Each structure stands twice: as structure tokens, then as C-alpha cells.
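The block underneath contains the structure these notes are about, expressed in C-alpha cells.
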Amino acid sequence: MAGSTFGTIFKISTWGESHGKGVGVVIDGCPAGLALSEEDIQKFLDRRKPGQSKYSTPRTESDQVEILSGTFDGKTTGTPISLIVRNENQKSKDYSEIASYYRPGHADYTFDAKYGFRDYRGGGRSSGRETIGRVAAGAVASKILNEMGIRLLTYTKSIGPVSIDENRFNEREISANPLYMPDASAAAAAQEYLNQCMADQDSSGGIVECVITGMPAGIGETVFDKLDSSLAKAVFSIGAVKGFEIGSGFEAASMKGSENNDAFITENGRIAKATNHAGGILGGMSDGSPIVFRAAIKPTPSIARPQHTVKRDGTPVEISIKGRHDPIIVPRAVVVVESMAALTILDLLMLNMSARIENLKNFYEP
């Protein structure tokens, strides 16, 4: 299977299946000398692990990470970092019935079409559990970015019809409610909405927003590896993502140029912008202002409500999916979106070191 490797210099390869012995990631290209512990990575994994509220799957997993290689005396050595999280609570028999039909909204049919067979136990590689490797690697990337003064703030912007009110935005509230919403009133309304979805044996989607601050201007390549296109590819690689926008996004299509253009100003002796409709990116490169993007997350496709589908031979059948599933993916996707953004940003920062001859000369100057 191709397509499990991401990045150019800071490169990761995720591995493992939902109901296999474990899942993990190998990180190549991490600089030596970074102080790194399992606790650093565990903080990120704890944000996505299941069973933390009634709005996530009841599958009980500690998701404890182990560093197998790439560190010595608490610091990275510059060699590949291998991380593993062992699966502890698989219930493969919950999925035995799924082997006979294709679940709506899942990759069952496409896996069969491509490979001629599929791992029906929780989806195999197409399971959301694959994102553990991304989050573990994202924790390492984020630690490097933090040392450079670059910060990522990611949260749930909306769930179903319920959106946060920017006038009530409270960063501390993000970790204070199970939906990771920075607005307590919106979080309460969203929980009522989800309770009704669950009572109806249904699920919901939503939107995750990420704000990146501290980015220098000029990061991103100008043609195929633009910063915005790289972020879009990274975020779209997350299985549940169905939409992506930066800055004003789709709203820009209904604006005039005079409204959408961000005027340049001088602020505290530095060039800045009066507005940020571009979302911090111009010509595929960071412009020094906050990078703001959003990801639309689809409703969880595994629902108990009866659905129509077909068996592998085309025979029609009505199904009601059993097993342990999230009624909404959005809250656990927040840290996954953040991790993919961190990996993208760090890789492009490393690539940018070769953009000017003086960078090379300064690095190797005696």
C-alpha cells in the first residue's frame, strides 16, 4: 500500500490497523538535541483517545505511547524515532457481520474495488485509529515549533447548526467542555443537539478551526508546494474531512476585490495588514499574520439507524450497524487537524532553509 508516508524533510510513516496488535509512526528527519519524553507525546494522544465522554466511542483504550527508538538520555539523536501505541480493547466479533455487506459512508466498497479484499474489523487502515500515528508525530513537530515561537490553537467552531459566538470566545473554555468549543453557551447548545441525534440513532458533523501565530513571512513554496495547498492536502488526508478553507474561504467568492484585499500598513515599525481575509497566506507563502483555516468534518457514518445497502454480490439489504462508534467525530478530530498542520508547517520551515544562499553560508560559516 502506497500513501502512508508524509513530508519531505520532516517525514513520517504511519502503520498499523484498528484491530491489529498496535498502531504507530516512524519519524525521519527530526533534528538531534530536542528534549523529548513519552509524556510530551501523551498529552496530545490524550486529547484524541476514546471513552472520555458520551460523545465519543466507549472503546476503552489507554493509548499509552512507547518510544522505541530515536532518543537517548531524554533527547532526540537525529535518527528515526519509532513510536507505538498498542491496541488493548479490540472486539473484532462486533464487526463480523460487516464482512458480508458494504457500509454506507465507509471505505468498504472502495477497498474491495482496489485490493480485492478488505479488513472489515473496524476498517483496518481506513479506521480513525490510524490517526494515532499522526497525532504522536504532530506532538513532536509541535514541540519544535513551540521552541521557535510558533503556536497552534485549534478548536471546534461548529457542531451541526450550532456555531460559536466570536464575542464569547474564551480560550480556556476549549479544554473545559467535551466538545472543545471556546464558547460555553454554544457548547451547551451543541450537547443538547447531539443528545437528540443520539436519541434518533443518528450522528452529526461540524467544523474545526485552527489559528497559527508566530509564523515568519515567506514560508511555503510558490508553485505546487504552496503553504495553503500543502495544508489543504494534509488536512484532506484525514478520513472524515470533506471541506477546507483558508481566511474568508468560500465567502471570498461573494466579495468584491476592494472588500477582499488586505491593505498593508506599518505597525510598530513592521509591515502588517489591516485585515486578514487571506488567512495569513499570499501567493502560497505566509505573510506574517495569523494563519486561519477551517476543516469541515462529516457526520459519523456508523449509525444504528436502519440504512439501505448491498452485499458484495449486489443483493439489497437493510442494516443497522452495531459496535462502538462516536456519535460525532469533530471533538476527537481537533487534535488530528492540529497535528497535520504542525507537520506541514515544520516541513516547509525546514525546506525554506535552502531558499537563500546566505542561509547556507551562515549555517556553515566557520
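Ordering of the C-alpha cells sets the chain letters (A, B, ...); residue numbers start at 1 within each chain; ligands are numbered from 1 in the order shown.
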I'd like the neighbourhood of stretch 293-309 of chain A as a PyMOL selection string, where a residue qualifies if any of its atoms comes within 8 Å (using only C-alpha atoms), though same-chain residues fewer than 5 positions away should be ignored.
chain A and resi 101-106+200-211+235+240-247+279+316-322+325-330+337
Considering only C-alpha atoms, tabulate each residue of stretch 126-168 of chain A that lies at most 12 Å from stretch 216-229 of chain A along with its nearest interatomic pair and the corresponding distance in Å to one decimal; arrange the rows by chain and ascending residue number and present them as JSON lines.
```
{"residue": "A:Leu145", "atom": "CA", "partner": "A:Pro216", "partner_atom": "CA", "distance": 11.8}
{"residue": "A:Met148", "atom": "CA", "partner": "A:Pro216", "partner_atom": "CA", "distance": 10.1}
{"residue": "A:Gly149", "atom": "CA", "partner": "A:Pro216", "partner_atom": "CA", "distance": 9.9}
{"residue": "A:Ile150", "atom": "CA", "partner": "A:Pro216", "partner_atom": "CA", "distance": 8.9}
{"residue": "A:Arg151", "atom": "CA", "partner": "A:Pro216", "partner_atom": "CA", "distance": 11.9}
```
Deliver the residues from the most recent selection as a file, using N, CA, C and O atoms, as a PDB file, in the first residue's frame.
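Saved the output as out-v2.pdb:
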```
ATOM      1  N   LEU A 145       8.100  23.490  16.993  1.00  0.00           N
ATOM      2  CA  LEU A 145       7.509  24.782  16.634  1.00  0.00           C
ATOM      3  C   LEU A 145       7.407  25.698  17.848  1.00  0.00           C
ATOM      4  O   LEU A 145       7.650  26.906  17.759  1.00  0.00           O
ATOM      5  N   MET A 148      10.341  27.587  18.536  1.00  0.00           N
ATOM      6  CA  MET A 148      10.553  28.651  17.552  1.00  0.00           C
ATOM      7  C   MET A 148       9.542  29.782  17.717  1.00  0.00           C
ATOM      8  O   MET A 148       9.512  30.713  16.918  1.00  0.00           O
ATOM      9  N   GLY A 149       8.699  29.684  18.745  1.00  0.00           N
ATOM     10  CA  GLY A 149       7.717  30.734  18.990  1.00  0.00           C
ATOM     11  C   GLY A 149       6.472  30.645  18.128  1.00  0.00           C
ATOM     12  O   GLY A 149       5.719  31.617  18.017  1.00  0.00           O
ATOM     13  N   ILE A 150       6.238  29.485  17.516  1.00  0.00           N
ATOM     14  CA  ILE A 150       5.065  29.283  16.664  1.00  0.00           C
ATOM     15  C   ILE A 150       4.040  28.467  17.441  1.00  0.00           C
ATOM     16  O   ILE A 150       4.358  27.407  17.972  1.00  0.00           O
ATOM     17  N   ARG A 151       2.800  28.956  17.489  1.00  0.00           N
ATOM     18  CA  ARG A 151       1.760  28.331  18.312  1.00  0.00           C
ATOM     19  C   ARG A 151       0.536  28.011  17.473  1.00  0.00           C
ATOM     20  O   ARG A 151       0.126  28.805  16.617  1.00  0.00           O
TER      21      ARG A 151
END
```
Compile the contact shell of A:Asp108 as number ranges by chain: residues with an atom at most 10 Å away, counting only C-alpha atoms, same-chain residues fewer than 5 positions apart removed.
A: 98-99, 101-103, 113, 117-120, 123-124, 126, 312
Go ahead and save the residues from that selection, with C-alpha atoms, as a PDB file, in the first residue's frame.
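Dumped everything to again-v1.pdb:
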```
ATOM      1  CA  ILE A  98     -19.972  -6.279   8.265  1.00  0.00           C
ATOM      2  CA  ALA A  99     -17.885  -8.698   6.185  1.00  0.00           C
ATOM      3  CA  TYR A 101     -22.026  -6.017   3.057  1.00  0.00           C
ATOM      4  CA  TYR A 102     -20.775  -2.512   2.288  1.00  0.00           C
ATOM      5  CA  ARG A 103     -21.442   0.156   4.930  1.00  0.00           C
ATOM      6  CA  ALA A 113     -12.513  -2.458  -5.607  1.00  0.00           C
ATOM      7  CA  PHE A 117     -10.316  -7.834  -0.142  1.00  0.00           C
ATOM      8  CA  ARG A 118     -10.612  -5.698   2.992  1.00  0.00           C
ATOM      9  CA  ASP A 119     -10.048  -5.778   6.722  1.00  0.00           C
ATOM     10  CA  TYR A 120     -13.621  -5.347   7.919  1.00  0.00           C
ATOM     11  CA  GLY A 123     -11.997  -0.535   8.869  1.00  0.00           C
ATOM     12  CA  GLY A 124      -8.343  -1.573   9.117  1.00  0.00           C
ATOM     13  CA  SER A 126      -9.200   3.412   6.968  1.00  0.00           C
ATOM     14  CA  ARG A 312     -20.781  -7.971  -2.237  1.00  0.00           C
TER      15      ARG A 312
END
```
Enumerate as a ChimeraX atom specification all residues of stretch 68-301 of chain A assigned to strand (DSSP E) by DSSP on the backbone, naming them with the chain letters and numbers the document uses.
/A:68-69,71-72,75-76,81-86,151-159,162-163,206-213,241-246,264-267,270-273,281-282,285-286,291-297
For C-alpha atoms, I'd like the residues from the last selection saved as a JSON list (two decimals), in the first residue's frame.
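For reference, part.json as written:
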```json
[["chain", "number", "residue", "atom", "x", "y", "z"],
["A", 68, "LEU", "CA", 11.09, 2.54, 20.71],
["A", 69, "SER", "CA", 13.99, 4.41, 19.12],
["A", 71, "THR", "CA", 16.16, 9.18, 21.80],
["A", 72, "PHE", "CA", 18.98, 8.90, 24.32],
["A", 75, "LYS", "CA", 16.90, 13.91, 23.84],
["A", 76, "THR", "CA", 16.47, 13.08, 20.17],
["A", 81, "ILE", "CA", 12.00, 7.96, 16.03],
["A", 82, "SER", "CA", 9.69, 4.96, 16.25],
["A", 83, "LEU", "CA", 6.52, 5.30, 18.34],
["A", 84, "ILE", "CA", 3.97, 2.61, 19.15],
["A", 85, "VAL", "CA", 0.54, 2.54, 20.81],
["A", 86, "ARG", "CA", -0.67, -0.99, 21.49],
["A", 151, "ARG", "CA", 1.76, 28.33, 18.31],
["A", 152, "LEU", "CA", -1.27, 26.43, 17.05],
["A", 153, "LEU", "CA", -4.69, 26.96, 18.63],
["A", 154, "THR", "CA", -7.34, 24.52, 17.38],
["A", 155, "TYR", "CA", -10.94, 24.13, 18.46],
["A", 156, "THR", "CA", -14.47, 23.20, 17.41],
["A", 157, "LYS", "CA", -16.10, 26.12, 15.60],
["A", 158, "SER", "CA", -19.47, 24.49, 15.00],
["A", 159, "ILE", "CA", -21.42, 21.28, 15.51],
["A", 162, "VAL", "CA", -24.68, 25.35, 16.43],
["A", 163, "SER", "CA", -21.76, 27.78, 15.96],
["A", 206, "GLY", "CA", -19.10, 20.07, 12.33],
["A", 207, "ILE", "CA", -16.23, 22.44, 11.65],
["A", 208, "VAL", "CA", -12.76, 22.60, 13.21],
["A", 209, "GLU", "CA", -10.83, 25.88, 13.08],
["A", 210, "CYS", "CA", -7.07, 26.29, 13.51],
["A", 211, "VAL", "CA", -5.18, 29.54, 14.13],
["A", 212, "ILE", "CA", -1.38, 29.56, 13.76],
["A", 213, "THR", "CA", 0.54, 32.51, 15.21],
["A", 241, "VAL", "CA", -12.65, 15.81, 6.26],
["A", 242, "LYS", "CA", -14.93, 16.88, 3.39],
["A", 243, "GLY", "CA", -14.18, 20.59, 3.09],
["A", 244, "PHE", "CA", -11.30, 23.04, 3.63],
["A", 245, "GLU", "CA", -10.98, 26.84, 3.52],
["A", 246, "ILE", "CA", -8.44, 29.50, 4.47],
["A", 264, "PHE", "CA", -0.75, 46.77, 4.00],
["A", 265, "ILE", "CA", 0.11, 49.04, 6.92],
["A", 266, "THR", "CA", 3.09, 49.78, 9.15],
["A", 267, "GLU", "CA", 2.59, 48.64, 12.72],
["A", 270, "ARG", "CA", 6.92, 46.44, 10.85],
["A", 271, "ILE", "CA", 4.89, 45.73, 7.74],
["A", 272, "ALA", "CA", 1.50, 44.26, 8.63],
["A", 273, "LYS", "CA", -2.05, 44.01, 7.25],
["A", 281, "ILE", "CA", -1.12, 33.37, 3.15],
["A", 282, "LEU", "CA", -0.36, 35.29, -0.06],
["A", 285, "MET", "CA", 3.59, 31.86, 1.25],
["A", 286, "SER", "CA", 2.97, 33.01, 4.81],
["A", 291, "ILE", "CA", -2.83, 31.65, 9.52],
["A", 292, "VAL", "CA", -6.52, 30.80, 9.88],
["A", 293, "PHE", "CA", -8.10, 27.75, 8.27],
["A", 294, "ARG", "CA", -11.15, 25.54, 8.77],
["A", 295, "ALA", "CA", -11.94, 21.88, 8.11],
["A", 296, "ALA", "CA", -15.44, 20.54, 7.59],
["A", 297, "ILE", "CA", -15.91, 17.15, 9.27]]
```
What's around A:Leu34 at 10 Å? Count only C-alpha atoms, leave out sequence neighbours fewer than 6 positions away in its own chain, and write the answer as number ranges by chain.
A: 71, 74-78, 140, 143-144, 147
Convert the current residue selection to file output with all heavy atoms, as a short mmCIF file (atom, residue, chain, number, x, y, z; two decimals), in the first residue's frame.
```cif
data_model
loop_
_atom_site.label_atom_id
_atom_site.label_comp_id
_atom_site.auth_asym_id
_atom_site.auth_seq_id
_atom_site.Cartn_x
_atom_site.Cartn_y
_atom_site.Cartn_z
N THR A 71 15.82 8.29 20.69
CA THR A 71 16.16 9.18 21.80
C THR A 71 17.22 8.53 22.68
O THR A 71 17.34 7.31 22.75
CB THR A 71 14.93 9.51 22.67
OG1 THR A 71 14.43 8.31 23.28
CG2 THR A 71 13.83 10.18 21.87
N GLY A 74 16.94 11.28 27.16
CA GLY A 74 15.86 12.25 27.10
C GLY A 74 15.91 13.23 25.95
O GLY A 74 15.11 14.18 25.90
N LYS A 75 16.81 13.00 24.98
CA LYS A 75 16.90 13.91 23.84
C LYS A 75 16.94 13.12 22.53
O LYS A 75 17.41 11.98 22.51
CB LYS A 75 18.14 14.80 23.94
CG LYS A 75 18.06 15.82 25.07
CD LYS A 75 19.20 16.82 25.00
CE LYS A 75 19.05 17.88 26.09
NZ LYS A 75 20.14 18.88 26.02
N THR A 76 16.45 13.73 21.47
CA THR A 76 16.47 13.08 20.17
C THR A 76 17.90 12.96 19.67
O THR A 76 18.75 13.82 19.94
CB THR A 76 15.63 13.85 19.14
OG1 THR A 76 16.11 15.21 19.06
CG2 THR A 76 14.16 13.86 19.55
N THR A 77 18.15 11.89 18.93
CA THR A 77 19.52 11.62 18.45
C THR A 77 19.72 11.97 16.98
O THR A 77 20.84 11.88 16.48
CB THR A 77 19.84 10.12 18.62
OG1 THR A 77 18.90 9.35 17.85
CG2 THR A 77 19.75 9.72 20.09
N GLY A 78 18.65 12.35 16.29
CA GLY A 78 18.75 12.63 14.86
C GLY A 78 18.46 11.41 14.01
O GLY A 78 18.38 11.50 12.79
N VAL A 140 5.53 15.83 18.38
CA VAL A 140 6.96 16.11 18.22
C VAL A 140 7.16 17.38 17.40
O VAL A 140 7.94 18.27 17.77
CB VAL A 140 7.69 14.92 17.57
CG1 VAL A 140 9.18 15.23 17.39
CG2 VAL A 140 7.49 13.65 18.39
N LYS A 143 6.32 20.48 19.39
CA LYS A 143 7.33 20.85 20.39
C LYS A 143 8.45 21.66 19.74
O LYS A 143 8.95 22.62 20.32
CB LYS A 143 7.89 19.60 21.07
CG LYS A 143 8.87 19.94 22.17
CD LYS A 143 8.92 18.92 23.27
CE LYS A 143 9.61 19.53 24.48
NZ LYS A 143 10.01 18.54 25.48
N ILE A 144 8.84 21.26 18.53
CA ILE A 144 9.86 22.02 17.80
C ILE A 144 9.34 23.41 17.47
O ILE A 144 10.04 24.42 17.65
CB ILE A 144 10.28 21.27 16.52
CG1 ILE A 144 10.92 19.93 16.87
CG2 ILE A 144 11.25 22.12 15.70
CD1 ILE A 144 11.21 19.05 15.67
N GLU A 147 9.38 25.85 20.34
CA GLU A 147 10.72 26.39 20.62
C GLU A 147 11.08 27.52 19.66
O GLU A 147 11.97 28.32 19.94
CB GLU A 147 11.76 25.28 20.55
CG GLU A 147 11.59 24.21 21.63
CD GLU A 147 12.85 23.45 21.94
OE1 GLU A 147 13.90 23.73 21.31
OE2 GLU A 147 12.80 22.56 22.82
#
```
Pairwise distance for atom CA of A:Ala199 and atom CA of A:Glu97, rounded to one decimal in Å
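Taking atom CA of A:Ala199 and atom CA of A:Glu97, their separation equals 23.8 Å.
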Which residues in stretch 32-143 of chain A does DSSP call alpha helix (DSSP H)? List them as a PyMOL selection string.
chain A and resi 38-48+108-115+131-143
Which residues, written as a ChimeraX atom specification, have at least one atom at most 10 Å from A:Ile164, with only C-alpha atoms counted and residues fewer than 5 positions away on the same chain left out?
/A:156-159,169,181-187,189-190
Those same residues - N, CA and C atoms - I'd like them written as a compact mmCIF listing (two decimals), in the first residue's frame.
```txt
# COMPACT_ATOMS: atom_id res chain seq x y z
N THR A 156 -13.24 23.45 18.14
CA THR A 156 -14.47 23.20 17.41
C THR A 156 -15.18 24.52 17.18
N LYS A 157 -15.40 24.87 15.93
CA LYS A 157 -16.10 26.12 15.60
C LYS A 157 -17.61 25.92 15.55
N SER A 158 -18.03 24.75 15.06
CA SER A 158 -19.47 24.49 15.00
C SER A 158 -19.74 23.00 15.04
N ILE A 159 -20.92 22.66 15.52
CA ILE A 159 -21.42 21.28 15.51
C ILE A 159 -22.85 21.34 14.98
N PHE A 169 -15.80 34.26 22.76
CA PHE A 169 -14.63 33.40 22.60
C PHE A 169 -13.79 33.41 23.87
N MET A 181 -15.15 23.41 22.44
CA MET A 181 -15.67 24.67 21.90
C MET A 181 -15.25 25.83 22.81
N PRO A 182 -14.77 26.94 22.25
CA PRO A 182 -14.31 28.08 23.06
C PRO A 182 -15.45 29.01 23.47
N ASP A 183 -16.64 28.48 23.57
CA ASP A 183 -17.84 29.25 23.90
C ASP A 183 -18.75 28.33 24.71
N ALA A 184 -18.87 28.60 26.01
CA ALA A 184 -19.62 27.71 26.91
C ALA A 184 -21.09 27.60 26.50
N SER A 185 -21.68 28.70 26.08
CA SER A 185 -23.10 28.68 25.69
C SER A 185 -23.31 27.82 24.45
N ALA A 186 -22.42 27.97 23.47
CA ALA A 186 -22.52 27.17 22.25
C ALA A 186 -22.28 25.69 22.56
N ALA A 187 -21.36 25.40 23.48
CA ALA A 187 -21.07 24.02 23.84
C ALA A 187 -22.30 23.37 24.47
N ALA A 189 -25.47 24.25 23.98
CA ALA A 189 -26.48 24.07 22.93
C ALA A 189 -26.11 22.90 22.02
N ALA A 190 -24.82 22.76 21.72
CA ALA A 190 -24.37 21.66 20.86
C ALA A 190 -24.58 20.31 21.53
```
Distance in Å - atom CA of A:Gln64 versus atom CA of A:Gly7:
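It comes out at 24.9 Å.
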To one decimal place in Å, what is the distance between atom CA of A:Ile67 and atom CA of A:Glu38?
6.5 Å
Near stretch 18-30 of chain A, within 7 Å and counting only C-alpha atoms, which residues show up once chain neighbours fewer than 3 positions away are dropped, as a PyMOL selection string?
chain A and resi 9-15+78-87+90+92+121-125+127+129-130+132-133+137
So that each row is one residue of stretch 125-230 of chain A with an atom at most 6 Å from stretch 341-364 of chain A, can you give its shortest atom pair and the distance in Å to one decimal, using only C-alpha atoms, rows by chain and rising number, as JSON lines?
```
{"residue": "A:Gly138", "atom": "CA", "partner": "A:Leu343", "partner_atom": "CA", "distance": 5.8}
{"residue": "A:Ala141", "atom": "CA", "partner": "A:Leu343", "partner_atom": "CA", "distance": 5.7}
{"residue": "A:Ser142", "atom": "CA", "partner": "A:Ala342", "partner_atom": "CA", "distance": 5.7}
{"residue": "A:Gly220", "atom": "CA", "partner": "A:Leu348", "partner_atom": "CA", "distance": 5.8}
```
